[in-house]
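A.B. asks: Got a structure here, written out as structure tokens. Questions coming.
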Amino acid sequence: MKVLAIVPAFNEEEGLLRVADQFKGIKDVDILVINDCSKDATPIVARELGFEVIDLPCNLGIGGAVQAGYKYALIHGYDIAIQVDGDGQHDPAYITDLIEPIKAGRADMVIGSRYLRKEGFQSTLLRRVGINYFSNLIQFLHKKRITDPTSGFRACNRKVIDIFSSRYPNDYPEPESIVYLLRNNYRIEEVPVIMKERFGGESSIRSFKSIYYMIKVTLAIIIDNMRKIRFI
Amino acid sequence: MITIKLQIILLLASVLTFLVIINLIRKYNLELRYSLLWLFFCIVNVLLAAFSNIAVNIAGLLSIKEPVNAIFLLSFIFQFFLIFSLTLTISRVSNKFTQLVQEVGLLKKEVEKLLKANSVER
């Protein structure tokens, strides 16, 4: 099975060094860095590290960058695509766990969750409250418990790669993309992972934006619920 | 009542706007598709200015004291529509833009690969 790791990177020259370190000893996974128009040496570092690199000519934000990766995966016939953050907080050692349910045909998308075993870096209290709220909202609307809906550490199969290539939310895409997969009756499974605190780079969610984030994602989830089944 | 002076100003302004828009379309500066709404409002404006009893009737219908206030209300609504149509257009354009940027990124990647393969052959 052809497996692609999609690593969105915006000003992550230091983060990529960590990612490269962690990926040592991981075989049979191609690594594709999406350089989202970084202003630092990200594209140079990524090439020196031997990654495949896509340079976007304009900054699209996390959703647009990741979607470019899914399009690449679709064109080049990958069976599984895994999203891995460019800052080193996702340990590729878990990739085997992450793709196992897909290989076994049990799931279309697998999410690496910090909260199944509650080990490792659990994020700040406020964020945990927010994540739990989204988790409850999704459970209320779709009768399915996703413990870590904001996790960016996810693997998906060919069918989902196809869907994500044609439609993927722009900013804060994780919870929204989960609900539209659930709406279309795709199977989502979670596996426990341990995440590290982020090194270098900047989280896409900063404190002063958190209220906007909460409102926007809540609306996205609720409006998605108003769409019809099979309406991607 | 609407004064004759206001009627004339309104009439001149809307006829002038109409002509400017037509001229811009003629010179290919303005896309007809996005100016239709403007042209439509210009015509409505001309009618409102020319026949003051339209404004008077609308004011009476909405219990607005002065017909001129009815004209203000109408122009407010027009502007709302225009701005909303812009937001709609921006959303569509930004979707297309995202797709183009991704496509360019993917193509650059393929070109890079081809160039590399080429230089190895040599």
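Quick note on naming: the chains in the structure tokens go A, B, ... in the order shown, residues restart at 1 in each chain, and ligands are numbered from 1 in order of appearance.
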Output as JSON lines one row per residue of chain A within 7 Å of chain B: the closest atom pair and its distance in Å to one decimal place, counting only C-alpha atoms, sorted by chain and residue number ascending.
C.D. replies:
```
{"residue": "A:Ile54", "atom": "CA", "partner": "B:Gly105", "partner_atom": "CA", "distance": 5.6}
{"residue": "A:Asp55", "atom": "CA", "partner": "B:Gly105", "partner_atom": "CA", "distance": 5.4}
{"residue": "A:Leu56", "atom": "CA", "partner": "B:Gly105", "partner_atom": "CA", "distance": 4.7}
{"residue": "A:Pro57", "atom": "CA", "partner": "B:Val101", "partner_atom": "CA", "distance": 6.3}
{"residue": "A:Cys58", "atom": "CA", "partner": "B:Val101", "partner_atom": "CA", "distance": 6.6}
{"residue": "A:Leu60", "atom": "CA", "partner": "B:Thr98", "partner_atom": "CA", "distance": 6.7}
{"residue": "A:Gly64", "atom": "CA", "partner": "B:Thr98", "partner_atom": "CA", "distance": 6.5}
{"residue": "A:Ala68", "atom": "CA", "partner": "B:Gln102", "partner_atom": "CA", "distance": 5.3}
{"residue": "A:Tyr72", "atom": "CA", "partner": "B:Leu106", "partner_atom": "CA", "distance": 6.9}
```
A.B. asks: Can you pull out every residue within 10 Å of region 36-38 of chain B, counting only C-alpha atoms, but drop anything in the same chain fewer than 5 positions away, and send it as number ranges by chain?
C.D. replies: B: 17-18, 21, 31, 43-44, 78-79, 81-82, 85
A.B. asks: Between B:Ile83, B:Ile2, B:Ala49, B:Cys42, which one has atoms that come closest to Asn69 (chain B), using only C-alpha atoms?
C.D. replies: B:Ile2
A.B. asks: Need the shell around Leu6 (chain B): protein/DNA/RNA residues with any atom at most 12 Å away, counting only C-alpha atoms. Skip same-chain ones fewer than 5 positions apart. Format as a PDB file with N, CA and C atoms, in the first residue's frame?
C.D. replies:
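New file part.pdb:
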```pdb
ATOM      1  N   MET B   1     -43.451  66.248   0.244  1.00  0.00           N
ATOM      2  CA  MET B   1     -43.207  66.412  -1.194  1.00  0.00           C
ATOM      3  C   MET B   1     -41.724  66.421  -1.498  1.00  0.00           C
ATOM      4  N   LEU B  11     -32.154  63.022 -10.851  1.00  0.00           N
ATOM      5  CA  LEU B  11     -32.267  62.618 -12.246  1.00  0.00           C
ATOM      6  C   LEU B  11     -30.911  62.710 -12.950  1.00  0.00           C
ATOM      7  N   LEU B  12     -30.257  63.870 -12.775  1.00  0.00           N
ATOM      8  CA  LEU B  12     -28.956  64.072 -13.409  1.00  0.00           C
ATOM      9  C   LEU B  12     -27.938  63.039 -12.913  1.00  0.00           C
ATOM     10  N   ALA B  13     -27.905  62.856 -11.583  1.00  0.00           N
ATOM     11  CA  ALA B  13     -26.925  61.930 -11.006  1.00  0.00           C
ATOM     12  C   ALA B  13     -27.128  60.520 -11.551  1.00  0.00           C
ATOM     13  N   LEU B  48     -37.747  56.930 -10.072  1.00  0.00           N
ATOM     14  CA  LEU B  48     -38.098  57.554  -8.800  1.00  0.00           C
ATOM     15  C   LEU B  48     -37.991  59.073  -8.892  1.00  0.00           C
ATOM     16  N   ALA B  49     -36.952  59.537  -9.594  1.00  0.00           N
ATOM     17  CA  ALA B  49     -36.730  60.980  -9.698  1.00  0.00           C
ATOM     18  C   ALA B  49     -37.757  61.628 -10.625  1.00  0.00           C
ATOM     19  N   ALA B  50     -38.050  60.914 -11.708  1.00  0.00           N
ATOM     20  CA  ALA B  50     -38.936  61.496 -12.711  1.00  0.00           C
ATOM     21  C   ALA B  50     -40.396  61.536 -12.242  1.00  0.00           C
ATOM     22  N   SER B  52     -42.397  61.675  -9.113  1.00  0.00           N
ATOM     23  CA  SER B  52     -42.284  61.849  -7.656  1.00  0.00           C
ATOM     24  C   SER B  52     -43.433  61.162  -6.922  1.00  0.00           C
ATOM     25  N   PRO B  67     -41.602  61.843   1.770  1.00  0.00           N
ATOM     26  CA  PRO B  67     -41.261  60.969   0.638  1.00  0.00           C
ATOM     27  C   PRO B  67     -39.750  60.852   0.438  1.00  0.00           C
ATOM     28  N   VAL B  68     -39.012  61.936   0.768  1.00  0.00           N
ATOM     29  CA  VAL B  68     -37.570  61.898   0.555  1.00  0.00           C
ATOM     30  C   VAL B  68     -36.918  60.828   1.441  1.00  0.00           C
ATOM     31  N   ILE B  71     -37.082  57.603  -0.198  1.00  0.00           N
ATOM     32  CA  ILE B  71     -35.988  57.455  -1.176  1.00  0.00           C
ATOM     33  C   ILE B  71     -34.698  57.036  -0.470  1.00  0.00           C
TER      34      ILE B  71
END
```
A.B. asks: Give the answer as one residue: which of B:Tyr34, B:Phe76, B:Asn57, B:Phe40 has the shortest atom-to-atom distance to Leu88 (chain B), using only C-alpha atoms?
C.D. replies: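 Closest to Leu88 (chain B) of all the choices is B:Tyr34.
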A.B. asks: Please provide as a list in words all residues within 8 Å of region 30-36 of chain A, with the sequence filter that same-chain residues fewer than 4 positions apart are discarded (counting only C-alpha atoms).
C.D. replies: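 After dropping sequence-adjacent residues, the list is Val3, Leu4, Ala5, Ile6, Val7, Pro8, Ala9, Phe10, Thr42, Pro43, Ala46, Phe51, Glu52, Val53, Ile54, Asp55, Leu56, Pro57, Cys58, Asn59, Leu60, Gly61, Ile62, Ala65, Val66, Ala68 and Gly69 of chain A.
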A.B. asks: What parts of region 54-168 of chain A does DSSP call alpha helix (DSSP H)? I'd like the answer as JSON, numbers by chain.
C.D. replies: {"A": [61, 62, 63, 64, 65, 66, 67, 68, 69, 70, 71, 72, 73, 74, 75, 95, 96, 97, 98, 99, 100, 101, 102, 103, 125, 126, 127, 128, 129, 130, 131, 132, 133, 134, 135, 136, 137, 138, 139, 140, 141, 142, 158, 159, 160, 161, 162, 163, 164, 165, 166]}
A.B. asks: Write out the residues from the selection above, keeping N, CA and C atoms, as a short mmCIF file (atom, residue, chain, number, x, y, z; two decimals), in the first residue's frame.
C.D. replies:
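Output saved as out-v9.cif:
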```
data_model
loop_
_atom_site.label_atom_id
_atom_site.label_comp_id
_atom_site.auth_asym_id
_atom_site.auth_seq_id
_atom_site.Cartn_x
_atom_site.Cartn_y
_atom_site.Cartn_z
N GLY A 61 -3.42 29.15 3.89
CA GLY A 61 -3.89 28.72 5.20
C GLY A 61 -3.91 27.20 5.25
N ILE A 62 -4.12 26.67 6.46
CA ILE A 62 -3.95 25.24 6.68
C ILE A 62 -4.85 24.38 5.79
N GLY A 63 -6.11 24.78 5.62
CA GLY A 63 -7.05 23.96 4.84
C GLY A 63 -6.62 23.83 3.39
N GLY A 64 -6.32 24.96 2.77
CA GLY A 64 -5.92 24.96 1.36
C GLY A 64 -4.61 24.20 1.15
N ALA A 65 -3.69 24.32 2.12
CA ALA A 65 -2.40 23.64 2.00
C ALA A 65 -2.60 22.13 2.08
N VAL A 66 -3.36 21.69 3.08
CA VAL A 66 -3.59 20.25 3.24
C VAL A 66 -4.32 19.69 2.03
N GLN A 67 -5.29 20.45 1.51
CA GLN A 67 -6.04 19.97 0.35
C GLN A 67 -5.13 19.77 -0.86
N ALA A 68 -4.13 20.67 -1.01
CA ALA A 68 -3.15 20.48 -2.10
C ALA A 68 -2.48 19.12 -1.94
N GLY A 69 -2.19 18.74 -0.69
CA GLY A 69 -1.60 17.44 -0.42
C GLY A 69 -2.52 16.30 -0.81
N TYR A 70 -3.81 16.44 -0.51
CA TYR A 70 -4.77 15.39 -0.88
C TYR A 70 -4.87 15.28 -2.40
N LYS A 71 -4.80 16.41 -3.09
CA LYS A 71 -4.85 16.37 -4.55
C LYS A 71 -3.64 15.61 -5.09
N TYR A 72 -2.47 15.88 -4.50
CA TYR A 72 -1.25 15.18 -4.90
C TYR A 72 -1.41 13.68 -4.67
N ALA A 73 -1.95 13.33 -3.49
CA ALA A 73 -2.15 11.92 -3.16
C ALA A 73 -3.07 11.24 -4.17
N LEU A 74 -4.11 11.98 -4.58
CA LEU A 74 -5.08 11.44 -5.54
C LEU A 74 -4.42 11.21 -6.90
N ILE A 75 -3.68 12.23 -7.38
CA ILE A 75 -3.04 12.14 -8.69
C ILE A 75 -2.04 10.99 -8.73
N ILE A 95 2.16 6.10 13.28
CA ILE A 95 1.55 5.94 11.96
C ILE A 95 1.05 4.51 11.75
N THR A 96 1.83 3.53 12.24
CA THR A 96 1.40 2.13 12.12
C THR A 96 0.02 1.92 12.76
N ASP A 97 -0.15 2.47 13.98
CA ASP A 97 -1.46 2.37 14.66
C ASP A 97 -2.55 3.07 13.86
N LEU A 98 -2.15 4.22 13.30
CA LEU A 98 -3.12 5.09 12.64
C LEU A 98 -3.67 4.43 11.37
N ILE A 99 -2.81 3.70 10.65
CA ILE A 99 -3.29 3.15 9.38
C ILE A 99 -3.82 1.73 9.52
N GLU A 100 -3.64 1.12 10.69
CA GLU A 100 -4.07 -0.26 10.86
C GLU A 100 -5.58 -0.45 10.59
N PRO A 101 -6.45 0.41 11.20
CA PRO A 101 -7.90 0.23 10.94
C PRO A 101 -8.27 0.43 9.47
N ILE A 102 -7.50 1.25 8.76
CA ILE A 102 -7.79 1.45 7.33
C ILE A 102 -7.38 0.22 6.54
N LYS A 103 -6.18 -0.29 6.87
CA LYS A 103 -5.71 -1.50 6.19
C LYS A 103 -6.66 -2.66 6.42
N LEU A 125 -6.05 24.06 29.73
CA LEU A 125 -7.39 23.80 30.26
C LEU A 125 -8.47 24.40 29.35
N LEU A 126 -8.24 25.66 28.95
CA LEU A 126 -9.25 26.34 28.13
C LEU A 126 -9.48 25.62 26.82
N ARG A 127 -8.40 25.18 26.21
CA ARG A 127 -8.55 24.46 24.93
C ARG A 127 -9.24 23.13 25.14
N ARG A 128 -8.91 22.47 26.27
CA ARG A 128 -9.58 21.19 26.55
C ARG A 128 -11.08 21.40 26.66
N VAL A 129 -11.47 22.50 27.33
CA VAL A 129 -12.89 22.82 27.46
C VAL A 129 -13.51 23.00 26.07
N GLY A 130 -12.81 23.75 25.22
CA GLY A 130 -13.31 23.99 23.87
C GLY A 130 -13.43 22.70 23.07
N ILE A 131 -12.40 21.86 23.16
CA ILE A 131 -12.39 20.60 22.41
C ILE A 131 -13.52 19.69 22.87
N ASN A 132 -13.72 19.67 24.20
CA ASN A 132 -14.79 18.85 24.76
C ASN A 132 -16.16 19.33 24.30
N TYR A 133 -16.29 20.65 24.20
CA TYR A 133 -17.54 21.24 23.71
C TYR A 133 -17.82 20.78 22.27
N PHE A 134 -16.81 20.83 21.40
CA PHE A 134 -17.00 20.37 20.01
C PHE A 134 -17.33 18.89 19.97
N SER A 135 -16.65 18.15 20.84
CA SER A 135 -16.89 16.72 20.94
C SER A 135 -18.36 16.45 21.27
N ASN A 136 -18.88 17.21 22.25
CA ASN A 136 -20.29 17.05 22.64
C ASN A 136 -21.24 17.48 21.53
N LEU A 137 -20.88 18.58 20.86
CA LEU A 137 -21.73 19.08 19.78
C LEU A 137 -21.84 18.04 18.65
N ILE A 138 -20.69 17.45 18.31
CA ILE A 138 -20.69 16.44 17.25
C ILE A 138 -21.48 15.21 17.68
N GLN A 139 -21.32 14.82 18.96
CA GLN A 139 -22.05 13.66 19.45
C GLN A 139 -23.56 13.92 19.43
N PHE A 140 -23.93 15.13 19.80
CA PHE A 140 -25.34 15.50 19.82
C PHE A 140 -25.94 15.42 18.42
N LEU A 141 -25.21 15.90 17.41
CA LEU A 141 -25.75 15.97 16.05
C LEU A 141 -25.60 14.65 15.30
N HIS A 142 -24.54 13.90 15.59
CA HIS A 142 -24.25 12.72 14.76
C HIS A 142 -24.20 11.42 15.54
N ARG A 158 -8.49 5.94 0.37
CA ARG A 158 -8.63 6.45 -0.99
C ARG A 158 -9.95 7.22 -1.20
N LYS A 159 -11.03 6.65 -0.66
CA LYS A 159 -12.34 7.29 -0.83
C LYS A 159 -12.35 8.70 -0.24
N VAL A 160 -11.79 8.80 0.96
CA VAL A 160 -11.78 10.10 1.65
C VAL A 160 -10.79 11.06 0.99
N ILE A 161 -9.67 10.52 0.50
CA ILE A 161 -8.73 11.36 -0.25
C ILE A 161 -9.46 12.02 -1.42
N ASP A 162 -10.27 11.21 -2.10
CA ASP A 162 -11.04 11.69 -3.24
C ASP A 162 -11.98 12.82 -2.83
N ILE A 163 -12.70 12.61 -1.72
CA ILE A 163 -13.65 13.63 -1.25
C ILE A 163 -12.92 14.90 -0.83
N PHE A 164 -11.87 14.74 -0.05
CA PHE A 164 -11.13 15.91 0.44
C PHE A 164 -10.49 16.69 -0.71
N SER A 165 -10.15 15.98 -1.80
CA SER A 165 -9.57 16.69 -2.95
C SER A 165 -10.58 17.62 -3.59
N SER A 166 -11.85 17.21 -3.56
CA SER A 166 -12.84 18.06 -4.21
C SER A 166 -13.42 19.09 -3.25
#
```
A.B. asks: Please return as a PyMOL selection string: the residues of region 37-107 of chain A that backbone DSSP assigns to strand (DSSP E or B).
C.D. replies: chain A and resi 52-55+80-83
A.B. asks: Save the residues we just selected, C-alpha atoms, as a PDB file, in the first residue's frame?
C.D. replies:
```
ATOM      1  CA  GLU A  52       9.021  15.960  -1.607  1.00  0.00           C
ATOM      2  CA  VAL A  53       7.983  19.613  -1.614  1.00  0.00           C
ATOM      3  CA  ILE A  54       5.070  21.519  -3.079  1.00  0.00           C
ATOM      4  CA  ASP A  55       5.573  25.280  -3.004  1.00  0.00           C
ATOM      5  CA  ILE A  80      -3.569   6.173   2.391  1.00  0.00           C
ATOM      6  CA  ALA A  81      -2.827   9.810   3.226  1.00  0.00           C
ATOM      7  CA  ILE A  82      -1.777  10.900   6.686  1.00  0.00           C
ATOM      8  CA  GLN A  83      -1.766  14.471   7.929  1.00  0.00           C
TER       9      GLN A  83
END
```
A.B. asks: Using only C-alpha atoms, find the one residue out of B:Val20, B:Asn29, B:Lys65, B:Ile9 that sits nearest to Val46 (chain B).
C.D. replies: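 Result for the nearest residue to Val46 (chain B): B:Ile9.
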